[in-house]
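Text of the file my_file_3.cif, holding mmCIF, C-alpha atoms:
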data_data
loop_
_atom_site.label_atom_id
_atom_site.label_comp_id
_atom_site.auth_asym_id
_atom_site.auth_seq_id
_atom_site.Cartn_x
_atom_site.Cartn_y
_atom_site.Cartn_z
CA MET J 567 0.00 0.00 0.00
CA ASN J 568 1.31 3.44 -0.93
CA LEU J 569 1.06 5.52 2.22
CA PHE J 570 2.32 8.64 0.47
CA THR J 571 -0.79 8.64 -1.74
CA ALA J 572 -3.01 7.91 1.26
CA ARG J 573 -1.42 10.79 3.13
CA LEU J 574 -1.72 13.10 0.11
CA THR J 575 -5.43 12.31 -0.39
CA GLY J 576 -6.18 12.74 3.30
CA LYS J 577 -7.12 9.11 3.92
CA MET J 578 -4.26 8.73 6.37
CA LEU J 579 -3.65 11.19 9.17
CA SER J 580 -0.18 12.42 9.89
CA THR J 581 1.45 10.82 12.92
CA GLU J 582 1.01 14.06 14.84
CA GLN J 583 -2.68 14.22 13.92
CA PHE J 584 -3.19 10.55 14.73
CA GLU J 585 -1.51 10.85 18.13
CA LYS J 586 -3.72 13.83 18.90
CA SER J 587 -6.78 11.83 17.85
CA ILE J 588 -5.67 9.03 20.19
CA HIS J 589 -5.15 11.50 23.03
CA ASP J 590 -8.55 13.09 22.40
CA MET J 591 -10.24 9.72 22.21
CA ILE J 592 -8.65 8.53 25.43
CA GLU J 593 -9.79 11.71 27.14
CA ARG J 594 -13.31 11.19 25.78
CA VAL J 595 -13.37 7.59 26.94
CA ASN J 596 -12.01 8.42 30.38
CA ARG J 597 -14.68 11.09 30.72
CA TRP J 598 -17.31 8.67 29.40
CA ARG J 599 -16.30 6.04 31.95
CA GLN J 600 -16.31 8.56 34.79
CA ILE J 601 -19.83 9.63 33.83
CA GLU J 602 -20.82 5.97 33.51
CA LYS J 603 -20.09 5.53 37.24
CA SER J 604 -21.50 8.90 38.34
CA PRO J 605 -24.52 9.33 40.66
CA GLU J 606 -25.91 11.85 38.14
CA LEU J 607 -26.17 9.22 35.40
CA ALA J 608 -27.67 6.72 37.84
CA GLU J 609 -30.26 9.33 38.84
CA TYR J 610 -30.94 10.21 35.20
CA LEU J 611 -31.54 6.57 34.23
CA LYS J 612 -33.83 6.10 37.20
CA LEU J 613 -35.81 9.24 36.36
CA GLU J 614 -35.92 8.28 32.69
CA LYS J 615 -37.83 5.10 33.55
CA ILE J 616 -40.25 7.10 35.68
CA VAL J 617 -40.84 9.93 33.21
CA GLU J 618 -41.18 7.70 30.15
CA ASP J 619 -43.58 5.33 31.88
CA PRO J 620 -47.03 5.51 30.18
CA LYS J 621 -48.69 6.02 33.56
CA PHE J 622 -46.55 9.10 34.21
CA GLN J 623 -47.31 10.53 30.78
CA GLU J 624 -51.01 9.88 31.23
CA LYS J 625 -50.92 11.66 34.60
CA LYS J 626 -49.14 14.60 32.98
CA ARG J 627 -51.72 14.86 30.20
CA GLU J 628 -54.50 14.70 32.75
CA LEU J 629 -53.00 17.46 34.88
CA LEU J 630 -52.40 19.65 31.84
CA GLU J 631 -55.54 19.06 29.82
CA ARG J 632 -58.36 18.11 32.17
CA LYS J 633 -60.77 20.96 32.94
CA TYR J 634 -61.71 21.58 36.54
CA LYS J 635 -65.42 21.46 35.80
CA GLU J 636 -64.98 17.95 34.36
CA THR J 637 -63.47 16.55 37.55
CA GLU J 638 -65.49 14.91 40.30
CA GLU J 639 -64.35 17.63 42.68
CA GLY J 640 -65.33 20.36 40.24
CA ARG J 641 -68.78 18.86 39.70
CA LYS J 642 -69.41 18.51 43.44
CA MET J 643 -68.28 22.05 44.13
CA ALA J 644 -70.55 23.27 41.32
CA ASP J 645 -73.48 21.34 42.81
CA TYR J 646 -72.69 22.73 46.22
CA GLU J 647 -72.58 26.29 44.89
CA ARG J 648 -75.83 25.80 42.98
CA LEU J 649 -77.70 24.32 45.93
CA SER J 650 -76.32 26.68 48.57
CA SER J 651 -76.95 29.77 46.46
CA SER J 652 -80.61 29.10 45.65
CA MET J 653 -83.15 31.51 47.13
CA ARG J 654 -84.89 28.70 49.02
CA MET J 655 -81.61 27.52 50.59
CA LYS J 656 -80.53 31.06 51.39
CA GLY J 657 -83.87 31.63 53.13
CA TYR J 658 -83.50 28.36 55.00
CA LYS J 659 -79.98 29.20 56.15
CA TYR J 660 -81.07 32.70 57.16
CA ALA J 661 -83.82 31.15 59.25
CA LEU J 662 -81.32 28.90 60.98
CA GLY J 663 -79.26 31.92 61.95
CA ASN J 664 -82.13 34.22 62.95
CA PRO J 665 -82.68 34.37 66.78
CA THR J 666 -86.35 35.38 66.47
CA PHE J 667 -87.08 32.49 64.13
CA GLN J 668 -85.28 30.09 66.42
CA SER J 669 -87.47 31.36 69.32
CA PHE J 670 -90.51 30.72 67.14
CA LEU J 671 -89.42 27.13 66.51
CA LYS J 672 -89.09 26.53 70.24
CA PHE J 673 -92.54 28.07 70.75
CA ARG J 674 -93.98 25.94 67.95
CA ASP J 675 -92.78 22.79 69.64
CA SER J 676 -94.15 23.80 73.05
CA ASP J 677 -97.66 23.44 74.60
CA GLU J 678 -98.04 27.20 74.34
CA PHE J 679 -98.37 26.86 70.57
CA GLN J 680 -102.17 26.19 70.98
CA LYS J 681 -102.63 29.78 72.11
CA LEU J 682 -101.65 30.91 68.66
CA GLN J 683 -105.06 29.69 67.38
CA ASP J 684 -106.95 31.86 69.91
CA SER J 685 -107.48 35.42 68.68
CA LYS J 686 -108.22 36.62 72.22
CA GLU J 687 -104.88 35.35 73.40
CA ARG J 688 -103.15 36.98 70.43
CA ARG J 689 -104.69 40.33 71.28
CA LYS J 690 -103.29 40.04 74.76
CA SER J 691 -99.70 39.29 73.64
CA SER J 692 -97.49 41.10 71.16
CA GLU J 693 -95.17 38.04 71.14
CA LEU J 694 -98.01 35.78 70.02
CA ARG J 695 -98.92 38.24 67.31
CA MET J 696 -95.30 38.19 66.08
CA TYR J 697 -95.20 34.38 66.13
CA ASN J 698 -98.50 34.31 64.27
CA VAL J 699 -97.03 36.49 61.53
CA ILE J 700 -94.05 34.16 61.24
CA TYR J 701 -96.26 31.07 61.30
CA ARG J 702 -98.34 32.31 58.37
CA SER J 703 -95.39 33.75 56.40
CA ALA J 704 -93.87 32.45 53.15
CA PHE J 705 -90.55 32.52 55.03
CA TYR J 706 -91.78 29.73 57.35
CA LYS J 707 -93.35 27.81 54.49
CA ASN J 708 -89.98 27.88 52.65
CA TYR J 709 -88.29 26.61 55.78
CA GLN J 710 -90.75 23.72 56.05
CA LYS J 711 -90.38 22.86 52.40
CA VAL J 712 -86.56 22.86 52.48
CA LEU J 713 -86.32 21.04 55.80
CA ASN J 714 -87.49 17.72 54.40
CA SER J 715 -86.29 18.21 50.86
CA ASP J 716 -83.86 16.08 48.85
CA GLU J 717 -81.97 19.28 48.11
CA LEU J 718 -81.12 19.77 51.78
CA LYS J 719 -80.09 16.12 52.13
CA GLN J 720 -77.82 16.45 49.08
CA LEU J 721 -76.37 19.76 50.31
CA THR J 722 -75.75 18.33 53.79
CA THR J 723 -73.96 15.34 52.31
CA LEU J 724 -71.87 17.58 50.06
CA GLU J 725 -70.97 19.88 52.95
CA LYS J 726 -69.67 16.97 54.99
CA GLU J 727 -67.62 15.65 52.10
CA ILE J 728 -66.08 18.93 50.95
CA GLN J 729 -64.97 19.70 54.49
CA THR J 730 -62.86 16.54 54.70
CA GLU J 731 -59.08 16.89 54.44
CA ASP J 732 -58.92 14.43 51.55
CA PHE J 733 -61.46 16.34 49.47
CA GLN J 734 -59.84 19.68 50.25
CA LYS J 735 -56.49 18.34 49.06
CA ARG J 736 -57.93 16.90 45.83
CA ASN J 737 -60.02 19.96 45.14
CA SER J 738 -57.07 22.26 45.75
CA LEU J 739 -55.14 20.29 43.13
CA TRP J 740 -57.81 20.33 40.42
CA ALA J 741 -58.94 23.91 41.08
CA ASP J 742 -55.35 25.14 40.57
CA ALA J 743 -54.89 26.40 36.99
CA LYS J 744 -51.13 25.73 37.39
CA ARG J 745 -51.64 22.31 38.90
CA TRP J 746 -49.02 20.70 36.62
CA GLN J 747 -46.31 23.19 37.63
CA HIS J 748 -47.16 22.62 41.29
CA SER J 749 -47.16 18.81 41.09
CA GLU J 750 -44.48 16.38 42.28
CA GLU J 751 -44.46 14.94 38.76
CA TYR J 752 -43.48 18.32 37.36
CA GLN J 753 -40.55 18.56 39.77
CA THR J 754 -39.50 15.04 38.78
CA GLU J 755 -39.66 15.90 35.08
CA GLN J 756 -37.77 19.17 35.58
CA ARG J 757 -34.95 17.35 37.34
CA TYR J 758 -34.91 14.76 34.56
CA LEU J 759 -34.76 17.47 31.87
CA ALA J 760 -32.03 19.34 33.74
CA LEU J 761 -29.92 16.19 33.83
CA ALA J 762 -30.73 15.36 30.20
CA ASN J 763 -29.50 18.80 29.14
CA SER J 764 -26.34 18.69 31.23
CA ASP J 765 -23.08 18.58 29.31
CA ASP J 766 -22.03 15.27 30.85
CA ILE J 767 -25.24 13.39 30.11
CA LYS J 768 -25.42 14.74 26.54
CA PHE J 769 -21.77 13.82 26.04
CA TYR J 770 -22.34 10.31 27.44
CA PHE J 771 -25.21 9.47 25.09
CA LYS J 772 -23.60 11.15 22.09
CA GLN J 773 -20.51 8.97 22.52
CA ARG J 774 -22.61 5.88 23.13
CA GLY J 775 -24.65 6.64 20.02
CA GLU J 776 -21.51 6.98 17.95
CA LYS J 777 -20.21 3.68 19.37
CA ILE J 778 -16.77 4.43 20.76
CA ASP J 779 -14.50 2.01 18.93
CA TRP J 780 -11.26 0.54 20.29
CA ALA J 781 -11.11 2.76 23.33
CA GLU J 782 -14.45 1.40 24.54
CA LEU J 783 -13.55 -2.19 23.73
CA PHE J 784 -10.02 -2.08 25.13
CA ARG J 785 -8.64 -0.88 28.42
CA PRO J 786 -5.04 0.10 29.25
CA ALA J 787 -2.81 -2.81 30.22
CA PHE J 788 0.74 -1.58 29.60
CA THR J 789 2.39 1.75 28.80
CA ASP J 790 6.06 2.56 28.28
CA ASP J 791 7.29 6.00 27.21
CA MET J 792 10.87 4.74 27.11
CA SER J 793 12.12 6.92 29.94
CA SER J 794 14.17 3.99 31.27
CA SER J 795 15.09 0.37 30.54
CA LYS J 796 13.07 -1.03 33.46
CA ASN J 797 10.60 -2.92 31.21
CA TRP J 798 13.17 -4.26 28.79
CA GLN J 799 15.70 -7.06 28.90
CA PRO J 800 18.13 -8.34 26.27
CA GLY J 801 17.37 -11.49 24.30
CA TYR J 802 14.52 -13.12 22.45
CA GLY J 803 12.71 -14.02 25.63
CA TYR J 804 13.55 -17.70 25.24
CA ALA J 805 13.40 -19.89 28.29
CA LYS J 806 16.79 -21.38 27.36
CA ALA J 807 20.04 -20.09 28.81
CA LYS J 808 21.51 -19.34 25.37
CA ASP J 809 19.05 -16.51 24.78
CA GLY J 810 20.29 -13.56 22.72
CA HIS J 811 22.51 -15.47 20.30
CA SER J 812 23.14 -14.46 16.71
CA ARG J 813 23.20 -16.64 13.58
CA THR J 814 26.16 -17.58 11.44
CA SER J 815 24.16 -16.29 8.45
CA GLN J 816 24.27 -12.82 9.95
CA ARG J 817 27.01 -10.22 10.29
CA GLN J 818 26.22 -8.86 13.77
CA ALA J 819 26.70 -10.11 17.28
CA TYR J 820 23.99 -9.33 19.81
CA ASN J 821 25.52 -7.32 22.59
CA ASN J 822 23.40 -8.22 25.65
CA GLY J 823 21.63 -4.83 25.79
CA LYS J 824 24.78 -2.74 25.55
CA ASN J 825 23.72 -1.36 22.16
CA THR J 826 20.33 -0.20 23.45
CA PHE J 827 19.91 3.26 24.93
CA PHE J 828 17.01 4.98 26.62
CA ALA J 829 17.20 8.75 26.28
CA GLU J 830 15.15 11.72 25.10
CA GLY J 831 11.93 9.75 25.36
CA ARG J 832 12.84 6.86 23.10
CA MET J 833 14.57 3.51 22.98
CA SER J 834 17.38 3.41 20.40
CA LEU J 835 18.59 -0.03 19.37
CA GLU J 836 21.86 0.59 17.53
CA THR J 837 23.85 -1.45 15.01
CA ARG J 838 27.52 -0.52 15.05
CA GLU J 839 30.59 -1.44 13.04
CA GLU J 840 32.76 -3.11 15.68
CA SER J 841 34.29 -6.55 16.07
CA LYS J 842 32.95 -8.96 18.67
CA GLU J 843 33.16 -12.68 19.31
CA ALA J 844 29.82 -14.11 20.33
CA LEU J 845 27.69 -17.23 20.37
CA ALA J 846 26.03 -18.03 17.04
CA TRP J 847 23.63 -20.66 15.78
CA ASP J 848 24.75 -22.69 12.77
CA GLU J 849 22.14 -24.79 10.98
CA LYS J 850 24.61 -27.68 10.66
CA LYS J 851 26.98 -27.32 13.62
CA GLY J 852 24.61 -25.91 16.24
CA PHE J 853 25.95 -23.30 18.66
CA ILE J 854 29.49 -22.09 17.95
CA ASN J 855 31.59 -19.06 18.77
CA GLN J 856 32.07 -16.65 15.89
CA VAL J 857 33.75 -13.30 15.36
CA PHE J 858 31.33 -10.71 13.98
CA GLU J 859 32.18 -7.37 12.41
CA TYR J 860 29.11 -5.60 13.74
CA THR J 861 27.24 -5.46 17.04
CA SER J 862 23.53 -4.89 17.60
CA ASP J 863 20.83 -5.92 20.06
CA VAL J 864 17.62 -7.85 20.56
CA MET J 865 15.27 -6.68 23.36
CA ASN J 866 11.96 -7.84 24.87
CA THR J 867 9.38 -7.10 27.60
CA LYS J 868 8.71 -10.72 28.58
CA GLU J 869 9.34 -10.18 32.31
CA ALA J 870 7.45 -6.86 32.44
CA PHE J 871 4.52 -7.51 30.11
CA ALA J 872 2.91 -10.24 28.01
CA GLN J 873 -0.71 -10.61 26.94
CA GLU J 874 -3.05 -12.68 24.79
CA ASN J 875 -5.60 -10.78 22.70
CA GLY J 876 -6.08 -7.04 22.85
CA MET J 877 -4.48 -4.18 21.01
CA PHE J 878 -0.78 -3.37 20.73
CA MET J 879 0.62 -0.05 19.52
CA ALA J 880 4.11 1.31 18.94
CA LYS J 881 5.56 4.52 17.54
CA VAL J 882 8.60 3.42 15.50
CA ARG J 883 11.10 4.53 12.90
CA SER J 884 14.51 3.26 11.72
CA GLN J 885 17.56 4.34 9.78
CA GLY J 886 20.58 2.78 8.13
CA VAL J 887 20.99 -0.45 6.15
CA PRO J 888 20.25 -3.11 8.80
CA HIS J 889 17.02 -5.08 8.84
CA HIS J 890 14.79 -3.97 11.70
CA PHE J 891 11.89 -5.76 13.38
CA PHE J 892 9.50 -4.61 16.08
CA GLY J 893 6.48 -6.62 17.05
CA LEU J 894 5.25 -9.46 19.25
CA SER J 895 6.66 -12.84 20.17
CA THR J 896 5.69 -15.78 22.39
CA GLY J 897 9.35 -16.40 23.24
CA LYS J 898 9.25 -19.85 21.69
CA ASN J 899 11.57 -20.57 18.81
CA GLY J 900 9.57 -21.33 15.67
CA SER J 901 6.35 -19.77 17.03
CA PRO J 902 4.63 -17.01 15.03
CA LEU J 903 5.96 -13.48 15.17
CA VAL J 904 3.63 -10.54 14.72
CA ALA J 905 5.37 -7.77 12.81
CA LEU J 906 4.08 -4.34 13.71
CA TYR J 907 7.10 -2.90 11.93
CA HIS J 908 9.59 -4.65 9.66
CA TYR J 909 12.22 -3.16 7.40
CA ASN J 910 13.70 -5.89 5.18
CA GLY J 911 16.52 -3.78 3.78
CA LYS J 912 14.37 -2.54 0.90
CA VAL J 913 10.81 -1.90 1.99
CA HIS J 914 8.72 -1.56 5.12
CA GLN J 915 6.33 -4.40 5.91
CA LEU J 916 3.90 -5.62 8.53
CA GLY J 917 2.09 -8.89 9.02
CA LEU J 918 2.59 -12.40 10.37
CA VAL J 919 5.75 -14.50 10.25
CA ASN J 920 5.39 -18.20 11.04
CA GLY J 921 8.70 -19.95 10.43
CA ASN J 922 9.34 -19.91 6.69
CA ASP J 923 5.72 -18.93 6.03
CA ALA J 924 5.07 -15.19 6.06
CA ARG J 925 2.04 -13.19 5.14
CA MET J 926 3.29 -9.63 4.88
CA ALA J 927 1.94 -6.40 3.42
CA ASP J 928 4.46 -4.06 1.78
CA LEU J 929 4.32 -0.37 2.68
CA THR J 930 5.59 2.10 0.10
CA GLY J 931 5.71 5.87 0.08
CA MET J 932 7.12 6.09 3.63
CA LEU J 933 9.97 8.23 4.84
CA ARG J 934 12.15 6.13 7.14
CA SER J 935 13.15 9.23 9.05
CA MET J 936 9.53 9.78 10.13
CA TYR J 937 7.77 8.13 13.05
CA TYR J 938 4.53 6.27 12.37
CA VAL J 939 2.18 4.61 14.84
CA TYR J 940 1.83 0.90 14.12
CA THR J 941 -1.17 -0.89 15.61
CA PHE J 942 -2.02 -4.57 15.84
CA ARG J 943 -5.52 -5.55 16.92
CA TRP J 944 -5.88 -9.14 18.07
CA THR J 945 -9.43 -10.39 18.60
CA LYS J 946 -10.75 -13.92 18.98
CA GLU J 947 -11.89 -13.89 15.36
CA GLU J 948 -9.33 -11.87 13.41
CA LEU J 949 -6.03 -10.00 13.25
CA ILE J 950 -5.86 -6.42 11.97
CA TRP J 951 -2.86 -4.16 11.28
CA TYR J 952 -2.89 -0.37 10.97
CA VAL J 953 -0.45 2.42 10.20
CA ASN J 954 -1.72 5.52 11.95
CA ASN J 955 -5.44 5.44 11.19
CA MET J 956 -5.14 3.37 8.00
CA GLU J 957 -6.11 -0.29 8.04
CA ILE J 958 -3.44 -2.18 6.09
CA LEU J 959 -4.00 -5.90 6.59
CA ARG J 960 -6.70 -8.18 7.97
CA MET J 961 -6.74 -11.95 8.33
CA PRO J 962 -8.47 -14.68 10.38
CA ASN J 963 -6.98 -15.32 13.80
CA LYS J 964 -4.79 -18.42 13.66
CA LEU J 965 -2.45 -17.42 16.45
CA PRO J 966 -1.91 -19.89 19.27
CA LYS J 967 -3.64 -19.13 22.53
CA GLU J 968 -0.53 -17.80 24.23
CA ALA J 969 0.54 -14.49 25.68
CA MET J 970 2.86 -12.43 23.50
CA PHE J 971 5.27 -9.66 24.47
CA PHE J 972 6.92 -6.73 22.71
CA PHE J 973 10.11 -7.66 20.94
CA GLY J 974 12.61 -5.73 18.79
CA GLN J 975 15.84 -6.55 16.96
CA SER J 976 18.15 -5.39 14.18
CA TRP J 977 20.40 -7.59 12.02
CA LEU J 978 22.59 -7.68 8.92
CA PRO J 979 22.34 -10.66 6.54
CA ASN J 980 25.62 -12.01 5.21
CA ASN J 981 24.50 -11.65 1.59
CA GLU J 982 23.76 -7.93 1.91
CA LYS J 983 25.79 -4.80 2.33
CA GLY J 984 26.79 -4.03 5.88
CA GLY J 985 26.45 -0.74 7.68
CA ALA J 986 25.35 1.01 10.84
CA GLY J 987 21.75 1.85 11.72
CA LYS J 988 19.22 2.46 14.47
CA LEU J 989 15.78 1.12 15.39
CA LYS J 990 13.99 3.80 17.42
CA VAL J 991 10.86 3.25 19.48
CA GLN J 992 9.30 6.31 21.10
CA TRP J 993 6.53 4.56 22.98
CA VAL J 994 4.48 1.37 23.23
CA ARG J 995 0.93 0.84 24.47
CA ALA J 996 -1.12 -2.26 25.09
CA TYR J 997 -4.84 -2.52 25.77
CA ARG J 998 -6.63 -5.55 27.10
CA SER J 999 -9.83 -6.67 25.48
CA VAL J 1000 -12.95 -6.54 27.65
CA ASP J 1001 -15.23 -8.48 25.33
#
Kindly return the structure encoded in the file as structure tokens.
Amino acid sequence: MNLFTARLTGKMLSTEQFEKSIHDMIERVNRWRQIEKSPELAEYLKLEKIVEDPKFQEKKRELLERKYKETEEGRKMADYERLSSSMRMKGYKYALGNPTFQSFLKFRDSDEFQKLQDSKERRKSSELRMYNVIYRSAFYKNYQKVLNSDELKQLTTLEKEIQTEDFQKRNSLWADAKRWQHSEEYQTEQRYLALANSDDIKFYFKQRGEKIDWAELFRPAFTDDMSSSKNWQPGYGYAKAKDGHSRTSQRQAYNNGKNTFFAEGRMSLETREESKEALAWDEKKGFINQVFEYTSDVMNTKEAFAQENGMFMAKVRSQGVPHHFFGLSTGKNGSPLVALYHYNGKVHQLGLVNGNDARMADLTGMLRSMYYVYTFRWTKEELIWYVNNMEILRMPNKLPKEAMFFFGQSWLPNNEKGGAGKLKVQWVRAYRSVD
């Protein structure tokens, strides 16, 4: 794949842009995860269930749309007003509150009432004459009529009911033109809307809607900004004692970490022109001592970090004529190697090396002096390689179920021109899969 063309057409971000996008995404995900655990989100989700419940919405519509006169309380208050404001009922109530009329009622129910029929007795008493006027008045007839009426029974029943605390509370609710704004449901909805419109909640659901990719699926497992050598040791990571040997088909001796330097925020694995006798593997003779004209190094993180599945990233560049490799290894001779970065003396590559079988993708249009971020995503189903944001290679997962660690080396084949060079790694990151 020609990365120069991809860069020119804008399909591939520059390394600086890509690193910024990673930084921004990590910040977004960290914020997203903080919100995910926040009491505000928990409250929002709880209120969401309440507010979106059909019963809540029906109650809201009722409070907003129902007219007072259509409610039971409104109808009863209307009946009460109608009955209590009629002329007959007003006369009846006036009679109940009139002292003279009350005296008449006592007189009417006494034995003295018979005197009222005797005109002689009436002429003798002004009180009897007054009672006689009341007795024959329309006022008294109205009282009698109302006293045993269904209207009075209905009004009495209504009066008792509307004076109860329960009715007063319900009537106060329905008689209030702003009953919705004064309801507990309104306060609940307002709190829900306030949370829904908060920056954090909007951010949370926006990110969830956009489906945060790797940063949601993977969580940090290992980070090294190459400030020191604490995570790195010389050798291939073999379990055998003769780890870190060279091959007789190569021109360099591995120098037990002495050619690897950690400074200025990077690891620099250097190939130098200098003579050294070292252990080498010969396909026919086995291990022998050999004098090499160059020195270099092979380094790994086996003791500090190894992981199966997940995502592995490294910011790498190289210079000079040596072959350079940076990727993942199980530490077992003959097991697959995952190449995040490989320079074969002519072209950059990435892919999978399994003994003599290699499936590699060539990368053209790259400046070796420039850093790129190389990413390997290892899921249960497939393997995916990226350079910056560009997907380069994808294949089914046929890796063994073993943990792999970061691993880097430089070498010079016998059949190629020799020369000095450097493999530089600015940082590595690993994320564990949570699926």
Separation of atom CA of Asn980 of chain J from atom CA of Arg813 of chain J in Å:
9.9 Å
Closest atom pairs, residues of segment 568-659 of chain J within 12 Å of segment 696-705 of chain J, all atoms listed in the file, as CSV:
residue,atom,partner,partner_atom,distance
J:Met653,CA,J:Phe705,CA,10.9
J:Arg654,CA,J:Phe705,CA,9.1
J:Met655,CA,J:Phe705,CA,11.2
J:Lys656,CA,J:Phe705,CA,10.8
J:Gly657,CA,J:Phe705,CA,7.0
J:Tyr658,CA,J:Phe705,CA,8.2
J:Lys659,CA,J:Phe705,CA,11.1
Who sits within 12 Å of Ala608 of chain J, only C-alpha atoms, same chain under 6 positions skipped, as a PyMOL selection string
chain J and resi 600-602+614-615+758+761-762+767
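For the set J:Arg648, J:Arg745, J:Arg695, J:Lys707, the residue with the smallest atom-to-atom gap to Arg627 of chain J is J:Arg745, counting all atoms listed in the file.
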J:Met956, J:Val595, J:Leu713, J:Met578: which is nearest Phe769 of chain J, counting only C-alpha atoms?
J:Val595
Neighbours of segment 873-889 of chain J within 7 Å (only C-alpha atoms; same-chain residues fewer than 4 positions away dropped), as a PyMOL selection string?
chain J and resi 784+909-911+934-945+967-971+976-978+984-999
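With atom CA of Asp645 of chain J on one side and atom CA of Thr722 of chain J on the other, the separation reads 11.6 Å.
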Would you please work out which residue, of J:Phe733, J:Phe827, J:Trp798, J:Tyr952, is nearest to Lys642 of chain J when using only C-alpha atoms?
J:Phe733
Write out as a VMD selection string which residues come within 7 Å of Thr826 of chain J when counting only C-alpha atoms, dropping same-chain ones fewer than 5 positions away.
chain J and resid 833 to 836 863
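The two atoms in question, atom CA of Glu751 of chain J and atom CA of Leu613 of chain J, are spaced 10.6 Å apart.
Nearest to Phe972 of chain J of all the residues J:Lys946, J:Lys808, J:His890, J:Lys868 is J:Lys868, counting all atoms listed in the file.
Here the question is which of J:Leu569, J:Ala741, J:Leu724, J:Phe667 gets nearest to Lys635 of chain J using all atoms listed in the file, and that residue is J:Ala741.
Closest approach to Gly917 of chain J from the set J:Glu830, J:Glu957, J:Glu947, J:Glu693 is made by J:Glu957, with distances taken over only C-alpha atoms.
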Using all atoms listed in the file, which residues sit within 8 Å of segment 925-933 of chain J once same-chain residues fewer than 4 positions away are excluded, as a ChimeraX atom specification?
/J:567-571,913-919,958-959
Could I see segment 617-629 of chain J restored to N, CA and C atoms, set down as a JSON list (two decimals), in the frame of the given file?
[["chain", "number", "residue", "atom", "x", "y", "z"],
["J", 617, "VAL", "N", -40.23, 8.92, 34.09],
["J", 617, "VAL", "CA", -40.84, 9.93, 33.21],
["J", 617, "VAL", "C", -41.39, 9.31, 31.93],
["J", 618, "GLU", "N", -40.72, 8.30, 31.40],
["J", 618, "GLU", "CA", -41.18, 7.70, 30.15],
["J", 618, "GLU", "C", -42.23, 6.61, 30.36],
["J", 619, "ASP", "N", -42.55, 6.32, 31.60],
["J", 619, "ASP", "CA", -43.58, 5.33, 31.88],
["J", 619, "ASP", "C", -44.93, 5.85, 31.39],
["J", 620, "PRO", "N", -45.73, 5.05, 30.69],
["J", 620, "PRO", "CA", -47.03, 5.51, 30.18],
["J", 620, "PRO", "C", -47.94, 6.08, 31.27],
["J", 621, "LYS", "N", -47.84, 5.52, 32.47],
["J", 621, "LYS", "CA", -48.69, 6.02, 33.56],
["J", 621, "LYS", "C", -48.31, 7.45, 33.92],
["J", 622, "PHE", "N", -47.00, 7.74, 33.91],
["J", 622, "PHE", "CA", -46.55, 9.10, 34.21],
["J", 622, "PHE", "C", -47.03, 10.05, 33.13],
["J", 623, "GLN", "N", -46.90, 9.67, 31.88],
["J", 623, "GLN", "CA", -47.31, 10.53, 30.78],
["J", 623, "GLN", "C", -48.81, 10.77, 30.78],
["J", 624, "GLU", "N", -49.55, 9.74, 31.15],
["J", 624, "GLU", "CA", -51.01, 9.88, 31.23],
["J", 624, "GLU", "C", -51.38, 10.85, 32.35],
["J", 625, "LYS", "N", -50.67, 10.75, 33.49],
["J", 625, "LYS", "CA", -50.92, 11.66, 34.60],
["J", 625, "LYS", "C", -50.59, 13.09, 34.19],
["J", 626, "LYS", "N", -49.51, 13.26, 33.44],
["J", 626, "LYS", "CA", -49.14, 14.60, 32.98],
["J", 626, "LYS", "C", -50.21, 15.18, 32.07],
["J", 627, "ARG", "N", -50.68, 14.38, 31.11],
["J", 627, "ARG", "CA", -51.72, 14.86, 30.20],
["J", 627, "ARG", "C", -52.98, 15.24, 30.98],
["J", 628, "GLU", "N", -53.30, 14.44, 31.96],
["J", 628, "GLU", "CA", -54.50, 14.70, 32.75],
["J", 628, "GLU", "C", -54.37, 16.02, 33.52],
["J", 629, "LEU", "N", -53.21, 16.23, 34.12],
["J", 629, "LEU", "CA", -53.00, 17.46, 34.88],
["J", 629, "LEU", "C", -52.99, 18.69, 33.97]]
